[in-house]
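To keep things clear, I will list the structure first and then write my remarks on it.
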Amino acid sequence: MQIRKTPSWELPDSAVTPEADYLRRREFLRAFGLGLAATVLLPSALRAATAGFPDSLNPAFRLDGVKLTPYELVTSYNNFYEWGLAKEDPKVFANRGWKTEPWTIEIGGLCNRPGKYDVNDLVKIIGGIEQRNYRHRCVEAWSMVVPWDGFPLAKLVALCEPRAEAKYLQFTTFFDPAVCPGQRSHEFAWPYTEGVTLAEANNELAFLATGIYGKPLLNQNGAPIRLVVPWKYGFKGAKSLAKIDFVSDQPKTLWNEMAPDEYGFYANVNPEVDHPRWSQKTERVIGGGFFSGKQPTLMFNGYEKEVAALYAGIDLRKNF
Amino acid sequence: MSLLVRVVAHKLFALSVIVAVGLWFLVVPAFTGNLGANPLEKLLHQSGEIAIWTLFSVLTLTPLRVLFPHSRFVNALNRHRRMIGVSACVYGLLHFSFHILYEGGWDGLVESFTKPFIWFGFGGLIILVILASTSNQWSIRMLGGKNWKRLHRLAYVAAALLIYHQAIAGKGHWYIARWLLFSLLTLELARIVKTLLLKGRSNARVPVGS
């Protein structure tokens, strides 16, 4: 499917993190091992879940021919409304004393093996992490390509043994208004909630990320663990997960509750179904430069082969 | 106090403030590499914000003058209504230019006009262009004071269109736009109440609005 003409929007090679720097992540991570002294000196942002690093790229998800978005851009352009409405806010405000290590995630609801896990322990129980390059398409019509580190959501589902009645997973982000001023506002129905069907959760692409570019997630990216569903709009990827529940009915999700005509439960990337206020046919590539224009958006964000079967017989215009 | 009023009343002061806002939010970040990961979007949003807050500022001036007719400060600010109004239009045009660039081509631009969201913004801008191009003595003479005034009441229509445009521009933007809307509504309401109260008193001199 990669027949490419080098379109005008393509990133120049200069915008890509040099492979040498990228491969030196082991050095970076070794520095992590320096112990308490380093831990005290490093800003709190760098203390997310560290288990499993260094990991290696899963070759099945190399995404050949697509340029990765530079690390600096992935970590400075974030929609994380708990920490401010502007894209550059989370990088500042999520790093003012918010501790994402240690971190407990609770798995519950309709499953035989519910439990509370320290995120590092969970990574070990799952059997480590791997890296995957995924396209990331925001509902606001911009896109990135991100090398995530983490593990398939299906592995967690298997670990928890969902009961027959379980049809959906509900994801709940942390809720700590004492530390997070944004969550004291009643304008949003905090905590942030999202959901996917059990079938979607078991798709091989559904991923729980604990890192980016071989480094533990920074707070602004949803440390220490977040959902990544690359064929859906970015807002489906709930950050800083406190809780995952197996449920029988379609769970409520924050954006869907706030504006049901704009943000559907499925939120699959679909160039044919516009947002009421803007077209979804094209997207602006982050890092593309001033006069780069936009590139065409792909059905299911380019993952049609992998996920289209999940929606066989479903009207995607109605169930957007 | 009187020095402050004299400074505020000076044309150069108003011009400096208006230009400084643009320099600070658009030019300085562009030249210091502080526009972030999506620089064009940043310029698009910042210029739009400046335009709507500038329009907001000019619309507060008339009600403030009615409410505080003896405040020298308010009267000093009122001397700059034309300049502030015209600059709202200039920033609006800049905002639209960034929109054209952001869409990156004719197809994208045409596509963007399939959305009411864009038409609200564009409609508001057209009004601002009409008002700015008639903001001169010659136009007032040609139209006659009464007609000119009527025409320039369209500023309120522009404000309504543009505040709506701003409110729906992004997820959660209503929480910014409502400050514009509620403050303007409050001021206008207070102005109307005061005008009516003064009219009620037969011997009172009625300050003429707008």
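Going through the structure tokens in order, the chains are called A, B, and so on, while each chain numbers its residues from 1 and the ligands are numbered from 1 in the order shown.
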Margin query: Need to verify the contact set: Leu40 of chain B, 10 Å, only C-alpha atoms, exclusion of same-chain residues closer than 2 positions in sequence. Can you return it as number ranges by chain?
Written below: A: 289-291; B: 30, 35-38, 42-46, 98-99, 101-102
Store the residues of this selection in a file with N, CA and C atoms, as a short mmCIF file (atom, residue, chain, number, x, y, z; two decimals), in the first residue's frame.
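And here is the file that came out, part11.cif:
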```
data_model
loop_
_atom_site.label_atom_id
_atom_site.label_comp_id
_atom_site.auth_asym_id
_atom_site.auth_seq_id
_atom_site.Cartn_x
_atom_site.Cartn_y
_atom_site.Cartn_z
N GLY A 289 6.32 22.49 8.33
CA GLY A 289 6.78 23.79 7.87
C GLY A 289 5.65 24.69 7.40
N PHE A 290 6.01 25.90 7.18
CA PHE A 290 5.07 26.99 7.00
C PHE A 290 4.18 26.86 5.77
N PHE A 291 4.78 26.53 4.64
CA PHE A 291 4.02 26.55 3.39
C PHE A 291 3.73 25.14 2.88
N ALA B 30 7.49 34.76 16.32
CA ALA B 30 7.94 34.24 15.02
C ALA B 30 9.45 34.34 14.89
N LEU B 35 6.75 29.88 18.23
CA LEU B 35 5.39 29.62 17.73
C LEU B 35 4.99 28.17 17.94
N GLY B 36 5.90 27.35 18.44
CA GLY B 36 5.54 25.98 18.78
C GLY B 36 5.56 25.03 17.60
N ALA B 37 4.95 23.88 17.81
CA ALA B 37 5.04 22.78 16.86
C ALA B 37 4.22 23.03 15.60
N ASN B 38 3.23 23.88 15.70
CA ASN B 38 2.34 24.14 14.56
C ASN B 38 2.27 25.65 14.37
N LYS B 42 -0.67 28.59 15.20
CA LYS B 42 -0.48 29.54 16.29
C LYS B 42 -0.75 30.97 15.80
N LEU B 43 -0.17 31.31 14.64
CA LEU B 43 -0.39 32.65 14.10
C LEU B 43 -1.87 32.85 13.75
N LEU B 44 -2.47 31.81 13.22
CA LEU B 44 -3.89 31.86 12.88
C LEU B 44 -4.72 32.17 14.13
N HIS B 45 -4.46 31.41 15.18
CA HIS B 45 -5.26 31.59 16.40
C HIS B 45 -4.96 32.92 17.09
N GLN B 46 -3.67 33.26 17.17
CA GLN B 46 -3.31 34.51 17.87
C GLN B 46 -3.91 35.73 17.16
N PHE B 98 -3.82 34.21 7.21
CA PHE B 98 -3.24 33.01 7.81
C PHE B 98 -4.12 31.78 7.53
N HIS B 99 -5.43 32.02 7.50
CA HIS B 99 -6.33 30.91 7.18
C HIS B 99 -6.07 30.39 5.77
N LEU B 101 -3.27 30.61 4.10
CA LEU B 101 -1.99 29.89 4.14
C LEU B 101 -2.17 28.52 4.79
N TYR B 102 -2.93 28.49 5.87
CA TYR B 102 -3.09 27.24 6.63
C TYR B 102 -3.76 26.17 5.77
#
```
Next item on the list: Dump as a ChimeraX atom specification the residues of chain A that approach chain B to within 9 Å, counting only C-alpha atoms.
Entry: /A:72-74,76-77,85,87-88,140,142,187-188,255,276-279,282,284-294
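Taking atom CA of Pro152 of chain A and atom CA of Glu200 of chain A as the two end points, the separation is 11.5 Å.
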Checklist line | Non-local contacts of Asn58 of chain A (10 Å; only C-alpha atoms; under 3 positions in same chain excluded) as a count of residues only | finding: 9
Notebook entry, point to check: Got a sec: who's within 7 Å of segment 96-108 of chain A, counting only C-alpha atoms, leaving out chain neighbours fewer than 3 positions off, as a PyMOL selection string?
Noted result: chain A and resi 44+47-49+93+111+114-119+179+223-224+241-246
Output for the residues just chosen: C-alpha atoms as a PDB file, in the first residue's frame:
```pdb
ATOM      1  CA  SER A  44       9.859  15.013  38.062  1.00  0.00           C
ATOM      2  CA  ARG A  47      10.092   9.801  36.485  1.00  0.00           C
ATOM      3  CA  ALA A  48       7.351   7.857  34.761  1.00  0.00           C
ATOM      4  CA  ALA A  49       7.065   4.083  34.494  1.00  0.00           C
ATOM      5  CA  PHE A  93       1.643  22.834  33.884  1.00  0.00           C
ATOM      6  CA  CYS A 111     -13.753  -9.704  34.565  1.00  0.00           C
ATOM      7  CA  PRO A 114      -9.649  -7.647  38.566  1.00  0.00           C
ATOM      8  CA  GLY A 115      -6.719  -6.068  40.322  1.00  0.00           C
ATOM      9  CA  LYS A 116      -4.657  -3.055  41.200  1.00  0.00           C
ATOM     10  CA  TYR A 117      -1.221  -2.886  39.683  1.00  0.00           C
ATOM     11  CA  ASP A 118       1.782  -0.688  39.995  1.00  0.00           C
ATOM     12  CA  VAL A 119       2.447   0.244  36.366  1.00  0.00           C
ATOM     13  CA  VAL A 179      -2.691  18.865  42.147  1.00  0.00           C
ATOM     14  CA  ALA A 223       2.486   9.431  31.829  1.00  0.00           C
ATOM     15  CA  PRO A 224       2.836   6.785  32.977  1.00  0.00           C
ATOM     16  CA  LEU A 241      -4.982   6.018  33.137  1.00  0.00           C
ATOM     17  CA  ALA A 242      -6.172   5.383  36.653  1.00  0.00           C
ATOM     18  CA  LYS A 243      -8.786   2.780  35.857  1.00  0.00           C
ATOM     19  CA  ILE A 244      -9.919   0.367  33.170  1.00  0.00           C
ATOM     20  CA  ASP A 245     -13.312  -1.283  33.545  1.00  0.00           C
ATOM     21  CA  PHE A 246     -14.958  -4.070  31.596  1.00  0.00           C
TER      22      PHE A 246
END
```
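You can rank A:Pro296, A:Gly84, A:Gly264, A:Gly237 by their closest distance to Thr173 of chain A using only C-alpha atoms, and at the top of that list sits A:Gly237.
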Next item on the list: List every residue of segment 43-137 of chain A that DSSP, applied to the backbone, labels as helix (DSSP H, G or I), and write the result as number ranges by chain.
Entry: A: 44-46, 59-61, 71-74, 81-83, 89-93, 119-126
